[in-house]
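Next comes entry.csv, with CSV, C-alpha atoms (C1' of nucleotides).
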chain,number,residue,atom,x,y,z
I,18,MET,CA,-26.3,4.8,-44.3
I,19,PRO,CA,-30.0,5.5,-44.5
I,20,VAL,CA,-30.1,8.8,-42.6
I,21,ARG,CA,-27.0,10.8,-41.9
I,22,PHE,CA,-25.8,10.5,-38.4
I,23,SER,CA,-25.7,14.2,-37.8
I,24,SER,CA,-29.3,14.6,-38.9
I,25,ARG,CA,-30.5,11.8,-36.6
I,26,ALA,CA,-28.4,13.3,-33.8
I,27,GLU,CA,-29.8,16.8,-34.4
I,28,ALA,CA,-33.4,15.5,-34.4
I,29,ALA,CA,-32.8,13.5,-31.2
I,30,LEU,CA,-31.2,16.5,-29.4
I,31,ARG,CA,-34.0,18.9,-30.5
I,32,GLY,CA,-36.6,16.4,-29.3
I,33,ARG,CA,-35.0,16.7,-25.9
I,34,GLY,CA,-35.3,20.5,-25.9
I,35,GLY,CA,-31.7,20.7,-27.0
I,36,ARG,CA,-30.1,23.3,-29.3
I,37,MET,CA,-27.7,23.2,-32.1
I,38,THR,CA,-24.5,25.2,-31.7
I,39,ARG,CA,-21.5,25.6,-33.9
I,40,SER,CA,-19.5,23.5,-31.5
I,41,ARG,CA,-22.0,20.8,-31.4
I,42,ARG,CA,-22.4,20.6,-35.1
I,43,ALA,CA,-18.6,20.5,-35.5
I,44,LEU,CA,-18.4,17.6,-33.0
I,45,LEU,CA,-21.1,15.7,-34.9
I,46,ASP,CA,-19.2,16.2,-38.1
I,47,VAL,CA,-16.0,14.9,-36.6
I,48,ILE,CA,-17.7,11.8,-35.3
I,49,GLU,CA,-19.5,11.2,-38.5
I,50,SER,CA,-16.5,11.6,-40.8
I,51,HIS,CA,-14.3,9.3,-38.7
I,52,PRO,CA,-14.6,5.6,-39.4
I,53,ARG,CA,-12.6,4.7,-36.3
I,54,PRO,CA,-13.7,5.1,-32.7
I,55,LEU,CA,-12.4,8.2,-31.1
I,56,GLY,CA,-11.8,9.0,-27.4
I,57,PRO,CA,-12.6,12.3,-25.8
I,58,ARG,CA,-9.0,13.5,-26.2
I,59,GLU,CA,-8.9,12.6,-29.8
I,60,LEU,CA,-12.2,14.3,-30.5
I,61,GLN,CA,-10.8,17.5,-28.9
I,62,ARG,CA,-7.6,17.4,-30.9
I,63,GLU,CA,-9.5,16.8,-34.1
I,64,LEU,CA,-11.8,19.7,-33.3
I,65,ARG,CA,-8.9,22.0,-32.6
I,66,ARG,CA,-7.2,20.9,-35.8
I,67,ARG,CA,-10.3,21.9,-37.8
I,68,GLY,CA,-10.4,25.4,-36.3
I,69,THR,CA,-13.4,24.8,-34.0
I,70,PRO,CA,-11.8,24.1,-30.6
I,71,MET,CA,-14.0,22.8,-27.8
I,72,ASP,CA,-13.4,22.6,-24.1
I,73,ARG,CA,-12.7,19.2,-22.6
I,74,VAL,CA,-15.8,19.5,-20.4
I,75,SER,CA,-18.1,20.2,-23.3
I,76,VAL,CA,-16.7,17.2,-25.2
I,77,TYR,CA,-17.6,15.0,-22.2
I,78,ARG,CA,-21.0,16.5,-21.8
I,79,ASN,CA,-21.9,16.2,-25.5
I,80,VAL,CA,-20.6,12.7,-25.7
I,81,ALA,CA,-22.6,11.8,-22.6
I,82,ALA,CA,-25.7,13.2,-24.1
I,83,LEU,CA,-25.3,11.3,-27.3
I,84,LEU,CA,-24.6,8.1,-25.5
I,85,GLU,CA,-27.7,8.6,-23.4
I,86,LEU,CA,-29.7,9.1,-26.6
I,87,GLY,CA,-28.3,5.8,-28.0
I,88,LEU,CA,-26.7,7.6,-30.9
I,89,LEU,CA,-23.1,6.6,-29.8
I,90,HIS,CA,-21.7,3.3,-28.9
I,91,ARG,CA,-18.9,3.1,-26.4
I,92,VAL,CA,-16.1,0.7,-27.4
I,93,LEU,CA,-15.5,-2.0,-24.7
I,94,GLY,CA,-12.6,-1.4,-22.4
I,95,SER,CA,-12.0,2.1,-23.6
I,96,THR,CA,-13.6,5.5,-23.6
I,97,ALA,CA,-13.7,5.7,-27.4
I,98,VAL,CA,-17.0,6.1,-29.1
I,99,ARG,CA,-18.4,5.7,-32.6
I,100,PRO,CA,-21.7,6.3,-34.2
I,101,CYS,CA,-24.3,3.5,-33.7
I,102,ALA,CA,-25.2,2.0,-37.1
I,103,GLY,CA,-28.8,2.5,-38.1
I,104,SER,CA,-31.4,3.8,-35.8
I,105,GLU,CA,-31.8,0.6,-33.7
I,106,PRO,CA,-30.7,0.6,-30.0
I,107,ARG,CA,-27.1,0.1,-29.2
I,108,CYS,CA,-25.4,-3.1,-30.4
I,109,HIS,CA,-22.8,-4.7,-28.3
I,110,HIS,CA,-21.2,-6.7,-31.0
I,111,ALA,CA,-18.4,-5.3,-33.1
I,112,VAL,CA,-15.2,-6.2,-34.8
I,113,VAL,CA,-12.5,-3.4,-34.6
I,114,CYS,CA,-9.6,-3.4,-37.0
I,115,THR,CA,-6.3,-3.1,-35.3
I,116,GLY,CA,-4.8,-1.8,-38.4
I,117,CYS,CA,-7.0,1.2,-39.5
I,118,GLY,CA,-9.3,1.3,-36.5
I,119,SER,CA,-12.5,0.9,-38.5
I,120,ALA,CA,-15.3,-0.9,-36.8
I,121,ARG,CA,-18.0,-3.1,-38.1
I,122,GLU,CA,-21.0,-4.4,-36.2
I,123,PHE,CA,-22.4,-7.8,-36.8
I,124,HIS,CA,-25.1,-10.1,-35.7
I,125,SER,CA,-24.7,-13.9,-35.3
I,126,ARG,CA,-27.5,-16.3,-34.5
I,127,THR,CA,-24.8,-19.0,-33.7
I,128,LEU,CA,-23.4,-16.6,-31.2
I,129,GLU,CA,-26.8,-16.1,-29.6
I,130,ARG,CA,-27.2,-19.8,-29.3
I,131,ALA,CA,-23.7,-20.1,-27.8
I,132,LEU,CA,-24.6,-17.7,-25.1
I,133,ALA,CA,-27.8,-19.6,-24.3
I,134,GLY,CA,-25.6,-22.7,-24.0
I,135,VAL,CA,-23.3,-20.9,-21.5
I,136,ARG,CA,-26.3,-20.0,-19.5
I,137,ARG,CA,-27.3,-23.7,-19.3
I,138,ALA,CA,-23.8,-24.9,-18.5
I,139,THR,CA,-23.0,-22.4,-15.7
I,140,GLY,CA,-26.4,-21.8,-14.2
I,141,PHE,CA,-25.9,-18.1,-14.6
I,142,SER,CA,-28.8,-16.1,-15.9
I,143,ILE,CA,-27.1,-13.7,-18.4
I,144,GLN,CA,-28.2,-10.1,-18.1
I,145,GLU,CA,-25.6,-8.5,-20.3
I,146,HIS,CA,-22.8,-9.6,-22.6
I,147,LEU,CA,-19.8,-7.6,-23.6
I,148,LEU,CA,-18.2,-8.8,-26.7
I,149,GLU,CA,-15.7,-7.3,-29.0
I,150,LEU,CA,-13.4,-8.8,-31.5
I,151,ARG,CA,-10.1,-7.3,-32.7
I,152,GLY,CA,-8.5,-8.2,-36.0
I,153,LEU,CA,-7.5,-7.1,-39.4
I,154,CYS,CA,-10.1,-6.0,-42.0
I,155,ALA,CA,-9.8,-7.3,-45.5
I,156,ALA,CA,-8.3,-4.1,-46.8
I,157,CYS,CA,-5.5,-3.9,-44.2
I,158,ARG,CA,-4.8,-7.6,-44.6
I,159,SER,CA,-4.2,-7.3,-48.3
I,160,ARG,CA,-2.2,-4.2,-47.8
I,161,ALA,CA,0.3,-6.0,-45.5
L,18,MET,CA,-8.0,-26.5,-7.5
L,19,PRO,CA,-5.1,-28.8,-8.2
L,20,VAL,CA,-2.3,-26.6,-6.9
L,21,ARG,CA,-3.0,-23.8,-4.5
L,22,PHE,CA,-2.7,-20.4,-6.2
L,23,SER,CA,-0.3,-19.0,-3.7
L,24,SER,CA,2.1,-22.0,-4.2
L,25,ARG,CA,2.0,-21.6,-8.0
L,26,ALA,CA,2.6,-17.9,-7.6
L,27,GLU,CA,5.5,-18.3,-5.2
L,28,ALA,CA,7.1,-20.8,-7.6
L,29,ALA,CA,6.7,-18.5,-10.5
L,30,LEU,CA,8.0,-15.5,-8.7
L,31,ARG,CA,11.1,-17.4,-7.4
L,32,GLY,CA,11.7,-18.7,-10.9
L,33,ARG,CA,12.1,-15.1,-11.9
L,34,GLY,CA,14.6,-14.3,-9.2
L,35,GLY,CA,11.9,-12.9,-7.0
L,36,ARG,CA,11.5,-13.1,-3.3
L,37,MET,CA,8.7,-13.8,-0.9
L,38,THR,CA,8.0,-11.0,1.6
L,39,ARG,CA,5.3,-10.8,4.2
L,40,SER,CA,3.4,-8.2,2.2
L,41,ARG,CA,3.6,-10.3,-1.0
L,42,ARG,CA,2.4,-13.4,0.9
L,43,ALA,CA,-0.5,-11.4,2.4
L,44,LEU,CA,-1.5,-10.2,-1.1
L,45,LEU,CA,-1.5,-13.6,-2.5
L,46,ASP,CA,-3.7,-14.8,0.4
L,47,VAL,CA,-6.2,-12.0,-0.2
L,48,ILE,CA,-6.4,-12.8,-3.9
L,49,GLU,CA,-6.7,-16.5,-3.3
L,50,SER,CA,-9.3,-16.3,-0.6
L,51,HIS,CA,-11.6,-14.0,-2.6
L,52,PRO,CA,-13.9,-15.5,-5.1
L,53,ARG,CA,-14.8,-12.2,-6.7
L,54,PRO,CA,-12.4,-10.0,-8.8
L,55,LEU,CA,-10.8,-7.2,-6.8
L,56,GLY,CA,-9.4,-3.9,-8.0
L,57,PRO,CA,-6.2,-2.4,-6.7
L,58,ARG,CA,-8.1,-0.2,-4.3
L,59,GLU,CA,-10.1,-3.1,-2.9
L,60,LEU,CA,-7.0,-5.2,-2.5
L,61,GLN,CA,-5.3,-2.4,-0.6
L,62,ARG,CA,-8.4,-2.0,1.7
L,63,GLU,CA,-8.6,-5.7,2.4
L,64,LEU,CA,-4.9,-5.8,3.2
L,65,ARG,CA,-5.3,-3.0,5.6
L,66,ARG,CA,-8.3,-4.6,7.2
L,67,ARG,CA,-6.2,-7.8,7.8
L,68,GLY,CA,-3.5,-5.8,9.6
L,69,THR,CA,-0.9,-6.1,6.8
L,70,PRO,CA,-1.2,-2.7,5.0
L,71,MET,CA,0.5,-2.2,1.7
L,72,ASP,CA,1.3,0.9,-0.3
L,73,ARG,CA,-0.7,1.6,-3.4
L,74,VAL,CA,2.5,1.5,-5.5
L,75,SER,CA,3.4,-2.0,-4.2
L,76,VAL,CA,-0.1,-3.3,-5.0
L,77,TYR,CA,0.3,-2.1,-8.6
L,78,ARG,CA,3.7,-3.5,-9.0
L,79,ASN,CA,2.8,-6.9,-7.5
L,80,VAL,CA,-0.4,-7.1,-9.6
L,81,ALA,CA,1.6,-6.2,-12.7
L,82,ALA,CA,4.2,-8.9,-12.0
L,83,LEU,CA,1.5,-11.6,-11.5
L,84,LEU,CA,-0.3,-10.5,-14.6
L,85,GLU,CA,2.9,-10.8,-16.6
L,86,LEU,CA,3.4,-14.3,-15.2
L,87,GLY,CA,0.0,-15.2,-16.4
L,88,LEU,CA,-1.2,-16.0,-12.9
L,89,LEU,CA,-3.9,-13.3,-12.8
L,90,HIS,CA,-6.5,-12.4,-15.2
L,91,ARG,CA,-7.8,-8.9,-15.7
L,92,VAL,CA,-11.5,-8.5,-15.9
L,93,LEU,CA,-12.6,-6.8,-19.1
L,94,GLY,CA,-13.4,-3.1,-18.8
L,95,SER,CA,-12.1,-2.8,-15.3
L,96,THR,CA,-8.9,-3.0,-13.4
L,97,ALA,CA,-10.1,-5.8,-11.2
L,98,VAL,CA,-8.1,-9.1,-11.3
L,99,ARG,CA,-8.8,-12.6,-10.2
L,100,PRO,CA,-6.6,-15.8,-10.1
L,101,CYS,CA,-6.4,-17.6,-13.4
L,102,ALA,CA,-8.0,-21.1,-13.1
L,103,GLY,CA,-5.5,-24.0,-13.5
L,104,SER,CA,-2.1,-23.5,-14.9
L,105,GLU,CA,-3.1,-23.0,-18.5
L,106,PRO,CA,-2.6,-19.7,-20.2
L,107,ARG,CA,-5.2,-17.0,-19.5
L,108,CYS,CA,-8.7,-17.6,-20.5
L,109,HIS,CA,-10.7,-14.7,-21.9
L,110,HIS,CA,-14.1,-16.2,-21.2
L,111,ALA,CA,-15.9,-15.6,-18.0
L,112,VAL,CA,-19.3,-15.0,-16.4
L,113,VAL,CA,-19.3,-12.5,-13.6
L,114,CYS,CA,-22.2,-12.4,-11.1
L,115,THR,CA,-23.6,-9.0,-10.7
L,116,GLY,CA,-24.9,-10.0,-7.3
L,117,CYS,CA,-22.0,-11.4,-5.3
L,118,GLY,CA,-19.2,-10.7,-7.8
L,119,SER,CA,-18.1,-14.3,-8.1
L,120,ALA,CA,-16.6,-15.2,-11.4
L,121,ARG,CA,-16.7,-18.4,-13.3
L,122,GLU,CA,-14.7,-19.3,-16.4
L,123,PHE,CA,-16.1,-21.4,-19.2
L,124,HIS,CA,-15.3,-22.8,-22.5
L,125,SER,CA,-17.8,-23.3,-25.3
L,126,ARG,CA,-17.2,-25.0,-28.6
L,127,THR,CA,-20.3,-23.4,-30.1
L,128,LEU,CA,-18.9,-20.0,-29.2
L,129,GLU,CA,-15.7,-20.8,-31.0
L,130,ARG,CA,-17.7,-21.8,-34.0
L,131,ALA,CA,-19.7,-18.6,-33.9
L,132,LEU,CA,-16.5,-16.6,-33.9
L,133,ALA,CA,-15.3,-18.5,-36.9
L,134,GLY,CA,-18.6,-17.6,-38.6
L,135,VAL,CA,-18.1,-14.0,-37.8
L,136,ARG,CA,-14.8,-14.1,-39.5
L,137,ARG,CA,-16.3,-15.5,-42.6
L,138,ALA,CA,-19.1,-13.0,-42.6
L,139,THR,CA,-17.1,-9.8,-42.0
L,140,GLY,CA,-13.8,-10.6,-43.8
L,141,PHE,CA,-11.9,-9.7,-40.7
L,142,SER,CA,-9.2,-12.1,-39.5
L,143,ILE,CA,-9.8,-12.2,-35.8
L,144,GLN,CA,-6.7,-11.8,-33.6
L,145,GLU,CA,-8.3,-11.4,-30.3
L,146,HIS,CA,-11.7,-11.6,-28.7
L,147,LEU,CA,-12.8,-9.9,-25.6
L,148,LEU,CA,-15.9,-11.6,-24.1
L,149,GLU,CA,-17.4,-11.3,-20.7
L,150,LEU,CA,-20.9,-12.1,-19.6
L,151,ARG,CA,-22.7,-10.5,-16.6
L,152,GLY,CA,-25.6,-12.1,-14.9
L,153,LEU,CA,-26.8,-13.7,-11.7
L,154,CYS,CA,-25.4,-16.9,-10.4
L,155,ALA,CA,-27.7,-19.7,-9.3
L,156,ALA,CA,-27.2,-18.9,-5.6
L,157,CYS,CA,-27.9,-15.2,-6.0
L,158,ARG,CA,-30.9,-15.9,-8.2
L,159,SER,CA,-32.5,-18.2,-5.6
L,160,ARG,CA,-31.8,-15.7,-2.9
L,161,ALA,CA,-33.7,-13.0,-4.7
K,8,DA,C1',-35.6,42.9,-30.6
K,9,DG,C1',-35.9,40.7,-25.9
K,10,DG,C1',-35.5,37.2,-22.6
K,11,DC,C1',-35.1,32.6,-20.8
K,12,DA,C1',-32.8,28.4,-20.6
K,13,DA,C1',-29.4,25.6,-22.7
K,14,DA,C1',-24.7,25.3,-23.7
K,15,DC,C1',-20.2,26.9,-23.1
K,16,DG,C1',-15.5,28.0,-21.0
K,17,DC,C1',-12.7,28.5,-17.1
K,18,DA,C1',-10.9,27.1,-12.7
K,19,DA,C1',-10.5,24.0,-9.3
K,20,DC,C1',-10.9,19.5,-7.7
K,21,DA,C1',-10.7,14.3,-7.1
K,22,DG,C1',-9.1,9.7,-8.3
K,23,DC,C1',-6.1,6.6,-10.5
K,24,DG,C1',-1.9,5.1,-11.9
K,25,DT,C1',3.1,6.1,-12.6
K,26,DT,C1',8.0,7.4,-11.6
K,27,DG,C1',12.2,8.6,-8.8
K,28,DC,C1',14.5,7.9,-5.0
K,29,DA,C1',15.8,6.7,-0.3
K,30,DT,C1',15.2,2.9,3.0
K,31,DC,C1',14.3,-1.6,4.4
K,32,DT,C1',14.2,-6.7,3.8
K,33,DT,C1',15.3,-11.2,1.8
K,34,DG,C1',18.1,-14.9,0.9
K,35,DG,C1',22.5,-16.6,-0.6
K,36,DC,C1',27.3,-17.0,0.8
K,37,DG,C1',31.4,-16.8,3.2
J,17,DC,C1',25.8,-16.5,12.2
J,18,DG,C1',26.4,-12.1,10.2
J,19,DC,C1',27.4,-9.7,5.8
J,20,DC,C1',25.7,-7.6,1.6
J,21,DA,C1',24.0,-7.2,-3.2
J,22,DA,C1',19.6,-7.2,-5.3
J,23,DG,C1',14.9,-7.1,-4.8
J,24,DA,C1',11.0,-5.1,-2.6
J,25,DT,C1',8.8,-1.4,-0.1
J,26,DG,C1',7.2,3.3,1.2
J,27,DC,C1',7.0,8.1,0.5
J,28,DA,C1',6.5,12.1,-2.2
J,29,DA,C1',5.5,14.2,-6.3
J,30,DC,C1',3.8,14.2,-10.8
J,31,DG,C1',0.6,13.6,-15.0
J,32,DC,C1',-3.5,12.3,-17.0
J,33,DT,C1',-8.5,11.8,-17.1
J,34,DG,C1',-12.8,12.9,-15.9
J,35,DT,C1',-16.0,15.8,-12.8
J,36,DT,C1',-18.2,19.8,-10.4
J,37,DG,C1',-19.5,24.8,-9.6
J,38,DC,C1',-20.1,29.0,-11.5
J,39,DG,C1',-20.3,33.0,-14.2
J,40,DT,C1',-20.8,34.1,-19.2
J,41,DT,C1',-22.3,33.5,-23.9
J,42,DT,C1',-25.5,31.9,-27.3
J,43,DG,C1',-29.4,29.7,-29.5
J,44,DC,C1',-34.1,30.0,-30.2
J,45,DC,C1',-38.9,31.1,-29.3
J,46,DT,C1',-42.2,34.7,-29.0
Kindly return the structure encoded in the file as structure tokens.
Amino acid sequence: MPVRFSSRAEAALRGRGGRMTRSRRALLDVIESHPRPLGPRELQRELRRRGTPMDRVSVYRNVAALLELGLLHRVLGSTAVRPCAGSEPRCHHAVVCTGCGSAREFHSRTLERALAGVRRATGFSIQEHLLELRGLCAACRSRA
Amino acid sequence: MPVRFSSRAEAALRGRGGRMTRSRRALLDVIESHPRPLGPRELQRELRRRGTPMDRVSVYRNVAALLELGLLHRVLGSTAVRPCAGSEPRCHHAVVCTGCGSAREFHSRTLERALAGVRRATGFSIQEHLLELRGLCAACRSRA
DNA sequence: AGGCAAACGCAACAGCGTTGCATCTTGGCG
DNA sequence: CGCCAAGATGCAACGCTGTTGCGTTTGCCT
């Protein structure tokens, strides 16, 4: 990771006139240190476990802000979020491990071409594509 | 469509020891006659509009039964459902028009190949893939 | 240090989906 | 044709998730 997630987040928040509170820092730490996507409720539970409890509402507001800044990515079909890799805009392609929950983003030129093909075949002009794969990562596979 | 959706549904339900009620028939009609995916609330509203109101609970139970029988397909990231094309098992590929809401399923060999490539690149063994495209269908595009 | 605005917590609310239970309907069978 | 067991329905109540309003606290700039 080139720049730590929390550092990027702090910079982005400050650039918006935002401030850094203990709670917020704790939230960023939780998100950063967790490889697998976490939902609002999980985030809250983890924060409580670490001794820095946060109200449900604040969790939602912070997550919303980070999503808006493009620092978090929302997992398809759920409310779970995870840090966006790199500083590029959100990426909608990911594989999520059903074993350990870790996520990995990817880019595939073949996939892009396939989508173009679909456009030709159906006559739809594609505005957005939602894609997410679920499977077992190499580590979990060898463990089983 | 080879066999009408409602006929297939009726057969499948009866095969399970189920019965055909007015409500259930009305629900099947609504689903069949609507090209775009409908959520539970929309289904209920449409049923009321047609003079055959149905309780929220019954909508959920019927939809659940039809999903279990593989007759309905749930649109990704929402609770909306639409009839599964043909009698084959559910298909997870669809383009949904953001204009009129109509959905169209598709199959792409290039896409399948792209997924295989992702598997090689990431080391994940893919168990499931969720894919849905959003865009404008030809009709809506020319209308705009 | 002081003060303004951001961030927070609390309480209340709204919507969705579920469960338990009593009642009604379907469809088979005598 | 009418009975009746099982399936289906409606109603009420509940739980969970996410949202809004508001008064209070806290960061941060001067």
Between atom CA of Arg130 of chain L and atom CA of His110 of chain I, what distance in Å does the model show, to one decimal?
15.8 Å
Can you work out which residues from chain L touch chain K at a cut-off of 9 Å (counting only C-alpha atoms (C1' of nucleotides)) and hand them back as a compact mmCIF listing (two decimals) with C-alpha atoms, in the coordinates of the input?
# COMPACT_ATOMS: atom_id res chain seq x y z
CA ARG L 36 11.50 -13.10 -3.30
CA MET L 37 8.70 -13.80 -0.90
CA THR L 38 8.00 -11.00 1.60
CA VAL L 74 2.50 1.50 -5.50
CA TYR L 77 0.30 -2.10 -8.60
So how many Å separate atom CA of Leu83 of chain L and atom CA of Arg41 of chain L, to one decimal?
10.8 Å
Residues of chain L near chain I: apply a cut-off of 10 Å, count all atoms listed in the file, and supply the list as a ChimeraX atom specification.
/L:92-96,111-115,121-132,134-136,138-158
Please tabulate, as a tab-separated table, the residues of chain J that come within 7 Å of chain L, each with its closest pair of atoms and the distance in Å to one decimal, counting all atoms listed in the file and ordering rows by chain, then residue number upward.
residue	atom	partner	partner_atom	distance
J:DG23	C1'	L:Gly35	CA	6.9
J:DT25	C1'	L:Ser75	CA	6.8
J:DG26	C1'	L:Asp72	CA	6.5
Residue subset to file, keeping C-alpha atoms (C1' of nucleotides), as a short mmCIF file (atom, residue, chain, number, x, y, z; two decimals), in the coordinates of the input:
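Result file follows (selection09.cif):
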data_model
loop_
_atom_site.label_atom_id
_atom_site.label_comp_id
_atom_site.auth_asym_id
_atom_site.auth_seq_id
_atom_site.Cartn_x
_atom_site.Cartn_y
_atom_site.Cartn_z
"C1'" DG J 23 14.90 -7.10 -4.80
"C1'" DT J 25 8.80 -1.40 -0.10
"C1'" DG J 26 7.20 3.30 1.20
#
Expressed in Å to a single decimal, how great is the separation between atom CA of Leu44 of chain L and atom CA of Arg91 of chain L?
16.0 Å
